[in-house]
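J.: As input, take work-v3.csv (CSV, C-alpha atoms):
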chain,number,residue,atom,x,y,z
A,266,MET,CA,3.0,91.8,39.3
A,267,GLU,CA,5.6,93.4,37.0
A,268,ALA,CA,8.1,90.7,38.0
A,269,LEU,CA,5.6,87.9,37.4
A,270,ASN,CA,4.9,89.3,33.9
A,271,LEU,CA,8.6,89.4,33.1
A,272,MET,CA,9.1,85.8,34.2
A,273,PRO,CA,8.2,84.0,30.9
A,274,GLU,CA,10.6,86.3,29.0
A,275,ILE,CA,13.5,85.6,31.3
A,276,LEU,CA,12.7,81.9,31.2
A,277,PHE,CA,12.6,81.9,27.4
A,278,TYR,CA,16.0,83.7,27.2
A,279,ILE,CA,17.6,81.3,29.6
A,280,ILE,CA,16.2,78.2,27.9
A,281,SER,CA,16.9,79.3,24.4
A,282,GLY,CA,20.5,80.3,25.3
A,283,MET,CA,21.0,76.8,26.7
A,284,VAL,CA,19.5,75.3,23.6
A,285,LEU,CA,21.8,77.3,21.3
A,286,VAL,CA,25.0,76.7,23.4
A,287,SER,CA,24.3,72.9,23.5
A,288,SER,CA,23.5,72.6,19.8
A,289,VAL,CA,26.7,74.4,18.9
A,290,MET,CA,28.5,72.0,21.2
A,291,VAL,CA,26.8,69.0,19.6
A,292,VAL,CA,28.2,70.0,16.2
A,293,ALA,CA,31.5,71.4,17.3
A,294,SER,CA,32.9,68.9,19.8
A,295,ARG,CA,35.4,66.4,18.6
A,296,ASN,CA,34.4,63.4,20.6
A,297,PRO,CA,31.1,61.7,19.6
A,298,ILE,CA,30.3,60.8,23.2
A,299,THR,CA,30.5,64.4,24.2
A,300,SER,CA,28.3,65.3,21.3
A,301,ALA,CA,25.7,62.7,22.4
A,302,ILE,CA,25.7,64.1,26.0
A,303,PHE,CA,25.2,67.6,24.7
A,304,LEU,CA,22.4,66.3,22.5
A,305,VAL,CA,20.7,65.1,25.6
A,306,VAL,CA,21.1,68.5,27.2
A,307,ASP,CA,19.7,70.1,24.0
A,308,LEU,CA,16.7,67.8,23.9
A,309,PHE,CA,15.9,68.5,27.6
A,310,PHE,CA,15.9,72.2,27.1
A,311,VAL,CA,13.8,71.9,24.0
A,312,ALA,CA,11.3,69.9,26.1
A,313,ALA,CA,11.4,72.8,28.6
A,314,LEU,CA,10.6,75.1,25.8
A,315,TYR,CA,7.6,73.0,24.9
A,316,ALA,CA,6.4,73.0,28.5
A,317,SER,CA,6.7,76.8,28.6
A,318,LEU,CA,4.6,76.9,25.5
A,319,GLY,CA,1.9,74.9,27.1
A,320,ALA,CA,2.6,71.7,25.2
A,321,ASP,CA,2.9,69.4,28.2
A,322,PHE,CA,2.3,66.1,26.5
A,323,THR,CA,4.8,66.9,23.7
A,324,ALA,CA,7.4,67.9,26.3
A,325,ALA,CA,6.9,64.5,28.1
A,326,VAL,CA,7.2,62.6,24.8
A,327,GLN,CA,10.3,64.6,23.9
A,328,VAL,CA,12.1,63.6,27.1
A,329,LEU,CA,10.9,59.9,26.9
A,330,VAL,CA,11.5,59.2,23.3
A,331,TYR,CA,14.3,61.5,22.3
A,332,ALA,CA,16.4,61.7,25.4
A,333,GLY,CA,15.4,58.3,26.7
A,334,ALA,CA,15.5,56.1,23.6
A,335,ILE,CA,17.1,57.8,20.6
A,336,VAL,CA,20.2,59.2,22.3
A,337,VAL,CA,20.7,56.0,24.2
A,338,LEU,CA,20.7,54.2,20.8
A,339,PHE,CA,23.3,56.7,19.6
A,340,VAL,CA,25.5,56.2,22.6
A,341,PHE,CA,25.2,52.4,22.2
A,342,VAL,CA,26.4,52.5,18.6
A,343,ILE,CA,29.2,54.9,19.4
A,344,MET,CA,30.5,52.6,22.2
A,345,LEU,CA,30.0,49.6,20.0
A,346,LEU,CA,32.2,51.1,17.2
A,347,ASN,CA,34.7,52.5,19.6
A,348,LEU,CA,35.2,55.6,17.6
A,349,LYS,CA,38.2,57.9,18.1
A,350,PRO,CA,37.8,61.6,18.3
A,351,GLU,CA,38.0,62.9,14.8
A,352,ALA,CA,40.2,65.7,13.6
A,353,LEU,CA,38.0,68.7,12.8
A,354,ARG,CA,38.3,70.0,9.3
A,355,GLY,CA,39.0,73.7,9.3
A,356,PHE,CA,35.9,75.8,8.6
A,357,ARG,CA,36.7,76.7,5.0
A,358,PHE,CA,33.5,77.6,3.3
A,359,THR,CA,33.2,76.9,-0.4
A,360,VAL,CA,30.9,79.1,-2.4
A,361,GLY,CA,28.3,76.3,-2.7
A,362,GLU,CA,28.2,75.6,1.1
A,363,ALA,CA,27.9,79.3,1.9
A,364,LEU,CA,25.1,79.6,-0.6
A,365,VAL,CA,23.3,76.7,1.0
A,366,LEU,CA,23.5,78.3,4.4
A,367,LEU,CA,22.4,81.6,3.0
A,368,ILE,CA,19.4,80.2,1.1
A,369,THR,CA,18.3,78.2,4.2
A,370,LEU,CA,18.4,81.4,6.3
A,371,THR,CA,16.4,83.3,3.7
A,372,GLY,CA,13.8,80.6,3.7
A,373,PHE,CA,13.5,80.7,7.5
A,374,VAL,CA,13.1,84.5,7.4
A,375,ILE,CA,10.3,84.2,4.8
A,376,ILE,CA,8.5,81.6,6.8
A,377,ALA,CA,8.9,83.5,10.0
A,378,THR,CA,7.6,86.8,8.6
A,379,GLU,CA,4.6,85.0,7.0
A,380,LEU,CA,3.7,83.0,10.1
A,381,ALA,CA,4.3,85.6,12.7
A,382,HIS,CA,1.7,87.9,11.2
A,383,ALA,CA,-0.8,85.2,10.6
A,384,PRO,CA,-4.0,85.8,12.6
A,385,PRO,CA,-5.3,82.9,14.8
A,386,ASP,CA,-7.3,80.7,12.4
A,387,ILE,CA,-10.7,81.0,14.1
A,388,ALA,CA,-12.6,79.1,11.4
A,389,SER,CA,-10.4,76.0,11.5
A,390,PRO,CA,-12.1,72.9,13.1
A,391,GLY,CA,-9.1,72.4,15.3
A,392,ASN,CA,-9.1,75.9,16.7
A,393,LEU,CA,-9.6,75.9,20.4
A,394,GLY,CA,-7.5,78.7,22.0
A,395,ALA,CA,-5.6,78.5,25.2
A,396,ALA,CA,-8.6,79.1,27.5
A,397,ALA,CA,-10.7,76.6,25.6
A,398,ILE,CA,-8.0,74.0,25.9
A,399,GLU,CA,-7.8,74.5,29.6
A,400,LEU,CA,-11.6,74.3,29.8
A,401,ALA,CA,-11.8,71.1,27.8
A,402,GLY,CA,-9.6,69.1,30.2
A,403,GLY,CA,-6.0,70.3,29.7
A,404,ASN,CA,-3.4,69.9,26.9
A,405,THR,CA,-2.9,66.1,27.2
A,406,PHE,CA,-6.7,65.4,27.0
A,407,VAL,CA,-7.2,67.7,24.0
A,408,VAL,CA,-4.2,66.3,22.1
A,409,GLY,CA,-5.4,62.7,22.7
A,410,MET,CA,-9.0,63.5,21.6
A,411,ARG,CA,-7.7,65.2,18.5
A,412,MET,CA,-5.2,62.5,17.7
A,413,PHE,CA,-7.6,59.6,17.9
A,414,THR,CA,-10.4,61.3,15.9
A,415,ALA,CA,-9.0,63.6,13.2
A,416,PHE,CA,-5.5,62.1,13.1
A,417,LEU,CA,-6.5,58.4,13.5
A,418,TRP,CA,-5.4,57.4,10.0
A,419,PRO,CA,-1.9,59.0,10.2
A,420,PHE,CA,-1.5,57.5,13.6
A,421,GLU,CA,-2.1,53.9,12.3
A,422,ILE,CA,0.2,54.6,9.4
A,423,ALA,CA,2.9,55.6,11.9
A,424,SER,CA,2.6,52.2,13.6
A,425,VAL,CA,3.1,50.5,10.2
A,426,LEU,CA,6.1,52.7,9.7
A,427,ILE,CA,7.6,51.6,13.0
A,428,LEU,CA,7.0,48.0,12.1
A,429,LEU,CA,8.8,48.6,8.8
A,430,ALA,CA,11.7,50.2,10.6
A,431,ILE,CA,12.1,47.2,12.9
A,432,VAL,CA,12.2,44.8,10.0
A,433,ALA,CA,14.6,47.1,8.1
A,434,CYS,CA,17.0,47.4,11.1
A,435,VAL,CA,17.2,43.6,11.6
A,436,MET,CA,17.8,43.0,7.9
A,437,VAL,CA,20.4,45.7,7.6
A,438,ALA,CA,22.4,45.2,10.8
A,439,LYS,CA,22.3,41.4,10.6
A,440,LYS,CA,25.7,39.7,10.3
A,441,ASP,CA,26.5,39.1,6.7
A,442,LYS,CA,27.8,35.6,6.0
A,443,LYS,CA,29.5,36.3,2.8
A,444,SER,CA,31.1,39.8,3.2
A,445,GLY,CA,34.0,39.3,1.0
A,446,LEU,CA,33.6,42.5,-1.0
A,447,LYS,CA,35.9,44.6,1.1
A,448,GLY,CA,39.0,44.5,-1.0
A,449,HIS,CA,37.0,44.9,-4.2
A,450,ILE,CA,35.3,48.1,-3.1
A,451,GLN,CA,38.5,49.5,-1.6
A,452,SER,CA,40.4,49.1,-4.8
A,453,SER,CA,37.6,50.5,-7.0
A,454,GLY,CA,35.9,53.2,-4.9
A,455,GLY,CA,37.5,54.4,-1.8
A,456,ASN,CA,40.7,56.5,-2.1
B,263,MET,CA,3.9,86.0,26.5
B,264,VAL,CA,7.1,85.7,24.4
B,265,ALA,CA,6.6,87.0,20.9
B,266,VAL,CA,6.5,84.2,18.3
B,267,GLU,CA,9.3,85.7,16.3
B,268,ASN,CA,11.7,84.8,19.0
B,269,TYR,CA,10.9,81.1,18.6
B,270,PHE,CA,11.5,81.4,14.8
B,271,ILE,CA,14.9,83.0,15.4
B,272,LEU,CA,15.9,80.3,17.8
B,273,SER,CA,14.6,77.6,15.5
B,274,SER,CA,16.5,78.9,12.5
B,275,LEU,CA,19.7,79.1,14.4
B,276,VAL,CA,19.4,75.6,15.7
B,277,PHE,CA,18.5,74.4,12.2
B,278,LEU,CA,21.6,76.2,10.8
B,279,CYS,CA,23.7,74.4,13.5
B,280,GLY,CA,22.4,71.1,12.3
B,281,LEU,CA,22.9,72.0,8.6
B,282,ALA,CA,26.5,73.0,9.3
B,283,GLY,CA,27.0,69.7,11.1
B,284,VAL,CA,25.8,67.7,8.1
B,285,MET,CA,27.9,69.7,5.8
B,286,PHE,CA,31.2,69.9,7.8
B,287,ARG,CA,31.4,66.8,9.9
B,288,ARG,CA,33.1,63.7,8.5
B,289,ASN,CA,31.7,61.2,11.0
B,290,LEU,CA,28.5,59.4,9.9
B,291,ILE,CA,27.2,59.3,13.4
B,292,MET,CA,27.7,63.0,13.8
B,293,VAL,CA,25.8,63.6,10.6
B,294,LEU,CA,22.9,61.6,12.0
B,295,MET,CA,22.9,63.6,15.2
B,296,SER,CA,22.9,66.8,13.2
B,297,ILE,CA,19.8,65.6,11.4
B,298,GLU,CA,18.2,65.1,14.8
B,299,LEU,CA,19.1,68.7,15.6
B,300,MET,CA,17.4,69.9,12.4
B,301,LEU,CA,14.2,67.9,13.1
B,302,ASN,CA,14.2,69.4,16.6
B,303,ALA,CA,14.4,72.9,15.1
B,304,VAL,CA,11.4,72.2,13.0
B,305,ASN,CA,9.5,70.8,16.0
B,306,ILE,CA,10.1,74.1,17.8
B,307,ILE,CA,8.4,76.0,15.0
B,308,PHE,CA,5.5,73.5,15.0
B,309,VAL,CA,4.8,74.0,18.7
B,310,ALA,CA,5.3,77.8,18.6
B,311,ALA,CA,3.0,78.1,15.6
B,312,SER,CA,0.5,75.8,17.4
B,313,ARG,CA,0.3,78.3,20.2
B,314,GLN,CA,0.2,81.2,17.8
B,315,LEU,CA,-2.7,79.8,15.8
B,316,GLY,CA,-4.5,78.5,18.9
B,317,GLN,CA,-4.8,74.9,18.0
B,318,VAL,CA,-3.1,71.6,19.0
B,319,ASP,CA,-2.6,70.2,15.5
B,320,GLY,CA,1.0,71.4,15.5
B,321,GLN,CA,1.7,69.4,18.6
B,322,ILE,CA,0.3,66.3,17.1
B,323,MET,CA,2.5,66.8,14.0
B,324,VAL,CA,5.5,67.0,16.4
B,325,LEU,CA,4.5,63.5,17.7
B,326,PHE,CA,4.6,62.2,14.1
B,327,VAL,CA,7.9,63.9,13.5
B,328,ILE,CA,9.3,62.3,16.6
B,329,THR,CA,8.1,58.9,15.4
B,330,VAL,CA,9.7,59.4,12.0
B,331,ALA,CA,12.9,60.6,13.7
B,332,ALA,CA,13.1,57.5,15.8
B,333,CYS,CA,12.6,55.2,12.8
B,334,GLU,CA,15.2,57.2,10.8
B,335,ALA,CA,17.8,57.1,13.7
B,336,ALA,CA,17.3,53.3,14.1
B,337,VAL,CA,17.6,52.5,10.4
B,338,GLY,CA,20.5,55.0,10.0
B,339,LEU,CA,22.4,53.5,12.9
B,340,ALA,CA,21.8,50.0,11.6
B,341,MET,CA,23.3,51.1,8.3
B,342,VAL,CA,26.3,52.7,10.1
B,343,ILE,CA,26.9,49.4,11.9
B,344,ALA,CA,26.7,47.4,8.6
B,345,LEU,CA,29.1,49.9,6.9
B,346,PHE,CA,31.5,49.8,9.8
B,347,ARG,CA,31.5,46.0,9.8
B,348,ARG,CA,32.3,45.9,6.1
B,349,TYR,CA,34.7,48.8,5.7
B,350,GLY,CA,36.0,49.5,9.2
B,351,THR,CA,35.3,53.2,9.0
B,352,VAL,CA,32.4,55.7,9.3
B,353,ASN,CA,34.2,58.5,7.6
B,354,THR,CA,32.1,60.1,4.9
B,355,ASP,CA,35.1,61.0,2.8
B,356,PHE,CA,35.7,57.3,2.4
B,357,LEU,CA,32.1,56.2,2.1
B,358,ARG,CA,31.1,58.1,-1.0
B,359,LEU,CA,29.6,55.4,-3.1
B,360,LEU,CA,25.9,54.3,-2.7
B,361,ARG,CA,26.6,50.8,-3.9
B,362,GLY,CA,27.8,48.2,-1.4
Show this structure as structure tokens.

T.:
Amino acid sequence: MEALNLMPEILFYIISGMVLVSSVMVVASRNPITSAIFLVVDLFFVAALYASLGADFTAAVQVLVYAGAIVVLFVFVIMLLNLKPEALRGFRFTVGEALVLLITLTGFVIIATELAHAPPDIASPGNLGAAAIELAGGNTFVVGMRMFTAFLWPFEIASVLILLAIVACVMVAKKDKKSGLKGHIQSSGGN
Amino acid sequence: MVAVENYFILSSLVFLCGLAGVMFRRNLIMVLMSIELMLNAVNIIFVAASRQLGQVDGQIMVLFVITVAACEAAVGLAMVIALFRRYGTVNTDFLRLLRG
């Protein structure tokens, strides 16, 4: 029984180690294609993390939408543009950049200490507890029920947002007939 | 049961990776990928807090975040393509002006 009790801990440390290594590789590798592949690895292990937290449906959506659709989009664009590996700038921190990283870390520590000691919110209408979720028909069923009742309005707004994104993509990426501004902008802005 | 603090530590480290990518990389596509990393870090906190608080609202919020991330990636990549078509580069040192 001891070994079985230790299993979630070991699993968590393996998964989170892989998540950390792959996210560092996403940022640090010179070739964009390598970054995209490591992004897939990262997203898969984050999905594994969700599954180990009992969020089955979220894990499935993570793999389908993120790894299946978004990263494929990234890879398509990288191949379309035929990008060369970029020369990495040396990691020279300016004071402002170091300050940004420090402030972000401080904010995370504050959020973590606040949330980690928050008691389970029994009075909230959405509160079910792990046992109640299992009893009510599993994670996917409960998420679906909650989404199409309490979160129906945000759900519909999300569909409008996707429609807007489709229109915006077509408008932005459409071939411009009169793109003669190149020389003008280069002479005035880019140096 | 893994303590919820561990998930926060993991999430903050992944978020800092993404933030460093946005600050230090000079390729626009790499900046977009780093933004995806940061959104993922926030999603980890959502799901961990959802288990900690004993409700599924955090997981539903993750689904909305994924929707927004997909829209953002699609529009961002469309803009990258348009910029590359016009200027022939995706380097953020060159593309500093908001006007086209």

J.: Neighbourhood query: residues within 9 Å of (18.2, 68.8, 12.6), file coordinates, counting all atoms listed in the file; return as a list of chain:residue names.

T.: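 Applying the cut-off with all atoms listed in the file, one gets B:Val276, B:Phe277, B:Leu278, B:Cys279, B:Gly280, B:Leu281, B:Gly283, B:Val284, B:Leu294, B:Met295, B:Ser296, B:Ile297, B:Glu298, B:Leu299, B:Met300, B:Leu301, B:Asn302, B:Ala303, B:Val304.
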
J.: Can you work out the spacing between CA of Val284 (chain A) and CA of Phe310 (chain A) in Å, to one decimal?

T.: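 Taking CA of Val284 (chain A) and CA of Phe310 (chain A), their separation equals 5.9 Å.
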
J.: Within 10 Å of region 337-346 of chain B, counting all atoms listed in the file, which residues qualify if same-chain residues fewer than 5 places away don't, as a count of residues only?

T.: 30

J.: Just how far from CA of Val309 (chain B) is CA of Met323 (chain B), in Å to one decimal?

T.: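 Here the two named atoms are 8.9 Å from each other.
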
J.: For a quick check of understanding, using only C-alpha atoms, which of B:Ile328, B:Cys333, B:Gly350, B:Leu275 has the smallest distance to Ala332 (chain A)?

T.: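 Going through B:Ile328, B:Cys333, B:Gly350, B:Leu275 one by one, the smallest distance to Ala332 (chain A) is for B:Ile328.
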
J.: Near Leu272 (chain B), counting all atoms listed in the file, which residues have an atom at most 12 Å away, once you skip same-chain residues fewer than 2 positions from it, shown as a ChimeraX atom specification?

T.: /A:277-286,288,311,314,370,373-374,377 /B:265-270,274-279,300,302-307,310

J.: Would you output that residue set with C-alpha atoms, as a tab-separated table (two decimals), in the coordinates of the input?

T.:
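As a result, out_7.tsv now contains:
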chain	number	residue	atom	x	y	z
A	277	PHE	CA	12.60	81.90	27.40
A	278	TYR	CA	16.00	83.70	27.20
A	279	ILE	CA	17.60	81.30	29.60
A	280	ILE	CA	16.20	78.20	27.90
A	281	SER	CA	16.90	79.30	24.40
A	282	GLY	CA	20.50	80.30	25.30
A	283	MET	CA	21.00	76.80	26.70
A	284	VAL	CA	19.50	75.30	23.60
A	285	LEU	CA	21.80	77.30	21.30
A	286	VAL	CA	25.00	76.70	23.40
A	288	SER	CA	23.50	72.60	19.80
A	311	VAL	CA	13.80	71.90	24.00
A	314	LEU	CA	10.60	75.10	25.80
A	370	LEU	CA	18.40	81.40	6.30
A	373	PHE	CA	13.50	80.70	7.50
A	374	VAL	CA	13.10	84.50	7.40
A	377	ALA	CA	8.90	83.50	10.00
B	265	ALA	CA	6.60	87.00	20.90
B	266	VAL	CA	6.50	84.20	18.30
B	267	GLU	CA	9.30	85.70	16.30
B	268	ASN	CA	11.70	84.80	19.00
B	269	TYR	CA	10.90	81.10	18.60
B	270	PHE	CA	11.50	81.40	14.80
B	274	SER	CA	16.50	78.90	12.50
B	275	LEU	CA	19.70	79.10	14.40
B	276	VAL	CA	19.40	75.60	15.70
B	277	PHE	CA	18.50	74.40	12.20
B	278	LEU	CA	21.60	76.20	10.80
B	279	CYS	CA	23.70	74.40	13.50
B	300	MET	CA	17.40	69.90	12.40
B	302	ASN	CA	14.20	69.40	16.60
B	303	ALA	CA	14.40	72.90	15.10
B	304	VAL	CA	11.40	72.20	13.00
B	305	ASN	CA	9.50	70.80	16.00
B	306	ILE	CA	10.10	74.10	17.80
B	307	ILE	CA	8.40	76.00	15.00
B	310	ALA	CA	5.30	77.80	18.60

J.: What does the distance between CA of Ala335 (chain B) and CA of Val305 (chain A) come to in Å, to one decimal place?

T.: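 Spanning CA of Ala335 (chain B) to CA of Val305 (chain A) is a straight-line distance of 14.6 Å.
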
J.: Identify, on the basis of all atoms listed in the file, every residue whose closest approach to Gly319 (chain A) does not exceed 9 Å; exclude the query and any residue fewer than 2 positions from it along the same chain; express the result as number ranges by chain.

T.: A: 314-317, 321-322, 324, 395, 404; B: 309, 313

J.: When you count all atoms listed in the file, which of these residues is closest to Val264 (chain B): B:Arg348, B:Gln314, B:Phe326, B:Gln321?

T.: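 Using all atoms listed in the file, Val264 (chain B) sits closest to B:Gln314.
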
J.: Looking at all atoms listed in the file, which of A:Val306, A:Leu380, A:Val289, A:Ile275 is the one that sits closest to Val336 (chain A)?

T.: A:Val306

J.: Which residues are near Thr405 (chain A)? Cut-off 12 Å, all atoms listed in the file, ignore same chain within fewer than 3 positions. Put them as number ranges by chain.

T.: A: 316, 319-326, 398-399, 401-402, 408-412; B: 318, 321-322

J.: Taking N, CA, C and O atoms as the atom set, what does region 321-338 of chain B look like once completed, written as a compact mmCIF listing (two decimals), in the coordinates of the input?

T.:
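Generated file (rebuild_10.txt):
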# COMPACT_ATOMS: atom_id res chain seq x y z
N GLN B 321 1.15 70.32 17.65
CA GLN B 321 1.70 69.40 18.60
C GLN B 321 1.59 67.96 18.19
O GLN B 321 2.48 67.13 18.40
N ILE B 322 0.45 67.64 17.56
CA ILE B 322 0.30 66.30 17.10
C ILE B 322 1.26 65.99 15.94
O ILE B 322 1.83 64.90 15.86
N MET B 323 1.48 67.00 15.10
CA MET B 323 2.50 66.80 14.00
C MET B 323 3.85 66.59 14.60
O MET B 323 4.63 65.81 14.06
N VAL B 324 4.17 67.24 15.74
CA VAL B 324 5.50 67.00 16.40
C VAL B 324 5.58 65.54 16.82
O VAL B 324 6.64 64.92 16.68
N LEU B 325 4.47 64.96 17.31
CA LEU B 325 4.50 63.50 17.70
C LEU B 325 4.85 62.66 16.51
O LEU B 325 5.64 61.71 16.62
N PHE B 326 4.27 62.99 15.34
CA PHE B 326 4.60 62.20 14.10
C PHE B 326 6.04 62.40 13.72
O PHE B 326 6.71 61.46 13.30
N VAL B 327 6.51 63.65 13.84
CA VAL B 327 7.90 63.90 13.50
C VAL B 327 8.85 63.12 14.39
O VAL B 327 9.85 62.57 13.93
N ILE B 328 8.50 63.03 15.68
CA ILE B 328 9.30 62.30 16.60
C ILE B 328 9.33 60.79 16.21
O ILE B 328 10.36 60.11 16.25
N THR B 329 8.15 60.27 15.81
CA THR B 329 8.10 58.90 15.40
C THR B 329 9.00 58.65 14.16
O THR B 329 9.79 57.69 14.14
N VAL B 330 8.90 59.55 13.17
CA VAL B 330 9.70 59.40 12.00
C VAL B 330 11.22 59.52 12.36
O VAL B 330 12.07 58.79 11.84
N ALA B 331 11.53 60.44 13.29
CA ALA B 331 12.90 60.60 13.70
C ALA B 331 13.46 59.36 14.37
O ALA B 331 14.62 58.97 14.14
N ALA B 332 12.62 58.71 15.18
CA ALA B 332 13.10 57.50 15.80
C ALA B 332 13.35 56.40 14.81
O ALA B 332 14.39 55.72 14.88
N CYS B 333 12.44 56.25 13.84
CA CYS B 333 12.60 55.20 12.80
C CYS B 333 13.92 55.56 11.99
O CYS B 333 14.72 54.66 11.71
N GLU B 334 14.07 56.83 11.65
CA GLU B 334 15.20 57.20 10.80
C GLU B 334 16.53 56.98 11.61
O GLU B 334 17.50 56.48 11.04
N ALA B 335 16.55 57.30 12.90
CA ALA B 335 17.80 57.10 13.70
C ALA B 335 18.07 55.59 13.78
O ALA B 335 19.23 55.18 13.63
N ALA B 336 17.03 54.76 13.98
CA ALA B 336 17.30 53.30 14.10
C ALA B 336 17.81 52.73 12.83
O ALA B 336 18.83 52.02 12.84
N VAL B 337 17.16 53.06 11.70
CA VAL B 337 17.60 52.50 10.40
C VAL B 337 19.00 53.06 10.07
O VAL B 337 19.89 52.33 9.60
N GLY B 338 19.20 54.36 10.30
CA GLY B 338 20.50 55.00 10.00
C GLY B 338 21.61 54.35 10.79
O GLY B 338 22.69 54.06 10.26
